[in-house]
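S.K.: Contents of upload.txt (compact mmCIF, C-alpha atoms):
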```
# COMPACT_ATOMS: atom_id res chain seq x y z
CA MET S 15 -153.86 -142.09 128.67
CA ASP S 16 -151.23 -144.51 127.44
CA ARG S 17 -147.76 -143.45 126.39
CA LYS S 18 -148.23 -143.98 122.60
CA LYS S 19 -151.44 -141.94 122.52
CA PHE S 20 -149.82 -139.15 124.55
CA LEU S 21 -146.78 -138.97 122.24
CA ARG S 22 -148.94 -139.06 119.08
CA GLN S 23 -151.16 -136.21 120.32
CA ASN S 24 -148.24 -134.06 121.36
CA LEU S 25 -146.43 -134.66 118.07
CA LEU S 26 -149.54 -133.56 116.15
CA ILE S 27 -150.02 -130.50 118.31
CA GLY S 28 -146.32 -129.61 118.16
CA GLY S 29 -146.29 -130.04 114.37
CA ALA S 30 -149.35 -127.84 113.99
CA LEU S 31 -147.78 -125.13 116.14
CA ALA S 32 -144.55 -125.29 114.15
CA ILE S 33 -146.37 -124.92 110.82
CA THR S 34 -148.87 -122.24 111.89
CA PRO S 35 -146.43 -119.32 112.38
CA SER S 36 -144.84 -119.80 108.97
CA THR S 37 -148.27 -120.07 107.39
CA LEU S 38 -149.35 -116.84 109.06
CA ILE S 39 -146.15 -115.07 108.09
CA ALA S 40 -146.48 -116.18 104.48
CA LYS S 41 -150.02 -114.82 104.29
CA THR S 42 -149.22 -111.46 105.89
CA SER S 43 -145.82 -110.69 104.40
CA THR S 44 -145.43 -108.19 101.61
CA ASN S 45 -144.18 -109.17 98.21
CA GLN S 46 -140.42 -109.23 98.69
CA GLU S 47 -139.87 -108.93 94.96
CA ALA S 48 -141.69 -105.63 94.66
CA VAL S 49 -139.40 -102.60 94.51
CA PHE S 50 -139.86 -98.95 95.28
CA SER S 51 -140.52 -96.75 92.29
CA SER S 52 -137.69 -94.50 91.18
CA GLU S 53 -140.05 -91.54 91.75
CA LEU S 54 -140.55 -92.43 95.42
CA ILE S 55 -136.81 -92.93 95.96
CA LEU S 56 -136.12 -89.58 94.30
CA GLU S 57 -138.76 -87.87 96.47
CA PHE S 58 -137.08 -89.25 99.60
CA VAL S 59 -133.55 -88.36 98.51
CA LEU S 60 -134.60 -84.82 97.52
CA ALA S 61 -136.45 -84.36 100.82
CA ALA S 62 -133.24 -85.23 102.68
CA HIS S 63 -131.50 -82.36 100.90
CA LYS S 64 -133.72 -79.74 102.50
CA SER S 65 -136.47 -80.86 104.89
CA PHE S 66 -136.08 -82.75 108.15
CA ASP S 67 -139.85 -83.02 108.61
CA GLU S 68 -140.50 -84.35 105.10
CA THR S 69 -137.59 -86.81 105.37
CA LYS S 70 -138.93 -88.13 108.68
CA LYS S 71 -142.49 -88.36 107.34
CA ILE S 72 -141.48 -90.35 104.27
CA LEU S 73 -139.17 -92.66 106.24
CA GLU S 74 -141.87 -93.37 108.82
CA LYS S 75 -144.20 -94.46 106.03
CA TYR S 76 -141.52 -96.38 104.07
CA PRO S 77 -138.70 -97.40 106.46
CA LEU S 78 -137.00 -99.58 103.84
CA LEU S 79 -136.25 -96.49 101.75
CA LEU S 80 -133.45 -95.66 104.19
CA ASN S 81 -130.60 -96.99 102.06
CA CYS S 82 -132.16 -96.72 98.62
CA ALA S 83 -130.23 -94.73 96.04
CA SER S 84 -131.53 -92.52 93.29
CA GLN S 85 -129.68 -92.28 89.99
CA PHE S 86 -129.74 -88.71 88.70
CA LYS S 87 -127.54 -89.32 85.68
CA LYS S 88 -125.87 -92.43 84.42
CA GLY S 89 -123.72 -93.59 87.34
CA ASP S 90 -124.59 -90.62 89.60
CA PHE S 91 -126.10 -92.42 92.56
CA GLU S 92 -127.18 -90.70 95.74
CA THR S 93 -128.77 -91.85 98.98
CA ALA S 94 -130.72 -89.64 101.37
CA VAL S 95 -127.78 -89.51 103.79
CA GLY S 96 -125.51 -88.59 100.86
CA GLY S 97 -127.77 -85.72 99.83
CA ALA S 98 -128.08 -84.44 103.38
CA SER S 99 -124.28 -84.61 103.78
CA HIS S 100 -123.35 -82.57 100.74
CA MET S 101 -126.01 -80.01 101.62
CA GLY S 102 -124.62 -79.61 105.14
CA ARG S 103 -127.78 -80.88 106.86
CA ARG S 104 -126.32 -82.36 110.04
CA ASP S 105 -129.79 -82.69 111.61
CA ILE S 106 -130.99 -84.90 108.78
CA VAL S 107 -127.75 -86.89 108.64
CA ASP S 108 -127.91 -87.55 112.40
CA PHE S 109 -131.52 -88.68 112.09
CA LEU S 110 -130.80 -91.02 109.17
CA VAL S 111 -127.72 -92.47 110.87
CA SER S 112 -129.78 -93.07 114.02
CA LYS S 113 -132.10 -95.16 111.84
CA GLY S 114 -129.21 -97.21 110.43
CA ALA S 115 -128.23 -95.38 107.24
CA ARG S 116 -125.11 -96.79 105.59
CA LEU S 117 -122.26 -94.33 105.40
CA ASP S 118 -119.54 -93.80 102.82
CA ILE S 119 -116.25 -91.91 102.91
CA PHE S 120 -117.97 -88.64 101.95
CA ASN S 121 -120.41 -88.90 104.85
CA TYR S 122 -117.48 -89.58 107.19
CA ALA S 123 -115.69 -86.47 105.88
CA PHE S 124 -118.82 -84.41 106.55
CA LEU S 125 -119.32 -85.89 110.02
CA GLY S 126 -115.74 -85.22 111.10
CA TYR S 127 -114.10 -88.61 111.19
CA ASP S 128 -110.83 -86.95 110.28
CA ASP S 129 -108.55 -89.77 111.44
CA PHE S 130 -110.56 -92.29 109.42
CA ILE S 131 -110.41 -90.13 106.28
CA LYS S 132 -106.67 -89.56 106.69
CA LYS S 133 -106.05 -93.28 107.16
CA MET S 134 -108.17 -94.23 104.13
CA VAL S 135 -106.54 -91.66 101.86
CA THR S 136 -103.07 -92.59 103.11
CA ASP S 137 -103.72 -96.30 102.50
CA TYR S 138 -105.62 -95.74 99.24
CA PRO S 139 -104.28 -92.50 97.68
CA HIS S 140 -106.67 -92.64 94.71
CA LEU S 141 -109.51 -91.86 97.14
CA LEU S 142 -108.20 -88.30 97.46
CA HIS S 143 -109.64 -87.50 94.02
CA SER S 144 -112.71 -89.74 94.24
CA TYR S 145 -116.10 -88.23 93.65
CA GLY S 146 -119.37 -88.55 95.48
CA PRO S 147 -122.88 -87.70 94.33
CA HIS S 148 -122.93 -85.12 91.53
CA GLY S 149 -119.12 -85.05 91.54
CA PHE S 150 -118.74 -83.48 95.01
CA THR S 151 -115.33 -84.26 96.51
CA LEU S 152 -114.10 -85.02 100.01
CA LEU S 153 -113.02 -81.39 100.22
CA HIS S 154 -116.57 -80.17 99.65
CA HIS S 155 -117.94 -82.54 102.29
CA ALA S 156 -115.29 -81.51 104.82
CA GLN S 157 -116.03 -77.83 104.14
CA VAL S 158 -119.81 -78.08 104.54
CA GLY S 159 -119.19 -80.14 107.68
CA LYS S 160 -116.96 -77.33 109.00
CA ARG S 161 -114.04 -79.75 109.42
CA THR S 162 -111.31 -77.09 109.18
CA GLU S 163 -108.39 -79.35 110.07
CA LEU S 164 -109.51 -81.97 107.54
CA VAL S 165 -109.94 -79.28 104.86
CA VAL S 166 -106.37 -78.09 105.41
CA TRP S 167 -105.07 -81.68 105.33
CA LEU S 168 -106.93 -82.55 102.12
CA GLN S 169 -105.61 -79.39 100.47
CA SER S 170 -102.06 -80.18 101.63
CA LYS S 171 -102.40 -83.52 99.84
CA GLY S 172 -103.32 -81.73 96.61
CA LEU S 173 -107.11 -81.76 96.61
CA THR S 174 -108.27 -78.33 95.54
CA GLU S 175 -111.53 -79.09 93.74
CA LYS S 176 -114.83 -79.05 95.58
CA MET S 177 -116.56 -80.61 92.61
CA LEU S 178 -115.22 -82.68 89.75
CA LYS S 179 -117.14 -81.44 86.72
CA GLY S 180 -117.87 -83.64 83.74
CA VAL S 181 -117.67 -86.87 85.71
CA PHE S 182 -121.19 -87.89 84.76
CA GLY S 183 -121.22 -86.50 81.24
```
As a first step, turn the structure in this file into structure tokens.

M.R.:
Amino acid sequence: MDRKKFLRQNLLIGGALAITPSTLIAKTSTNQEAVFSSELILEFVLAAHKSFDETKKILEKYPLLLNCASQFKKGDFETAVGGASHMGRRDIVDFLVSKGARLDIFNYAFLGYDDFIKKMVTDYPHLLHSYGPHGFTLLHHAQVGKRTELVVWLQSKGLTEKMLKGVFG
């Protein structure tokens, strides 16, 4: 076989191999513009409030639900890990975090990252009176997480409310 023929054949074969995977991926991928229904997100978030088994079952079927948020009232957003945190469900929180759930300051208060919470509140004092899902405060999350030292510290800074009522109307 001469050099030109060899190069031409290999370029054709190489080009075909380069195109084939993207063609296969395009045919087998799901519609990236489709979104989960609000009902399915709500089902997952509510499951994480109370049932490890149901949370696991739903997440196994729909792994991309992990960081979805449900909106209960205007502006009252909650993820599964957020619901599990304010309900004191360490088993569910640990499971969701092991799957890559994104955490916020309320989850960190529940989990016992006391130094992190103290640093954040010291650097950004307005966070002391911030509210999480349904108006639950850092104090509530620290209490359900049994973070006694953090509870005392938050109270010494002036946070006495476990829930800020009327935040969402």

S.K.: Taking into account all atoms listed in the file, which residue in the set S:Phe109, S:Tyr127, S:Phe86, S:Trp167 is nearest to His148 (chain S)?

M.R.: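 Nearest candidate to His148 (chain S) out of S:Phe109, S:Tyr127, S:Phe86, S:Trp167: S:Phe86.
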
S.K.: Show me, as a list of chain:residue names, the residues that have an atom within 9 Å of Asp129 (chain S) when counting all atoms listed in the file, minus same-chain residues fewer than 4 positions from it.

M.R.: S:Lys133, S:Met134, S:Leu164

S.K.: When you look at Lys176 (chain S) with a cut-off of 9 Å (counting only C-alpha atoms), what residues show up, excluding the ones that are within fewer than 3 positions of it in the same chain? I need them as a VMD selection string.

M.R.: chain S and resid 149 to 155 157 173

S.K.: Enumerate, as a list of chain:residue names, the protein, DNA and RNA residues whose atoms approach (-123.5, -88.4, 99.3) to within 8 Å, taking into account all atoms listed in the file and the coordinate frame of the file.

M.R.: S:Glu92, S:Thr93, S:Ala94, S:Val95, S:Gly96, S:Gly97, S:Ala98, S:Ser99, S:His100, S:Asp118, S:Phe120, S:Asn121, S:Gly146, S:Pro147

S.K.: At what distance in Å, to one decimal, does CA of Thr136 (chain S) lie from CA of Met101 (chain S)?

M.R.: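 About the pair CA of Met101 (chain S) and CA of Thr136 (chain S): they are 26.2 Å apart.
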
S.K.: What does the structure give for the distance between CA of Leu60 (chain S) and CA of Ser84 (chain S), in Å to one decimal?

M.R.: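 If I compute the distance from CA of Leu60 (chain S) to CA of Ser84 (chain S), I get 9.3 Å.
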
S.K.: So that I can check the surroundings of Ser170 (chain S), please list as number ranges by chain every protein, DNA and RNA residue that reaches within 12 Å of it, counting all atoms listed in the file and ignoring chain neighbours fewer than 4 positions away.

M.R.: S: 132, 142, 153, 163-166, 174

S.K.: What separation in Å, quoted to one decimal, exists between CA of Glu74 (chain S) and CA of Tyr122 (chain S)?

M.R.: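 Here the two named atoms are 24.7 Å from each other.
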
S.K.: With distances taken over all atoms listed in the file, which residue among S:Gly114, S:Leu73, S:Ile131, S:Ala83 lies nearest Ile55 (chain S)?

M.R.: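 Closest to Ile55 (chain S) of all the choices is S:Ala83.
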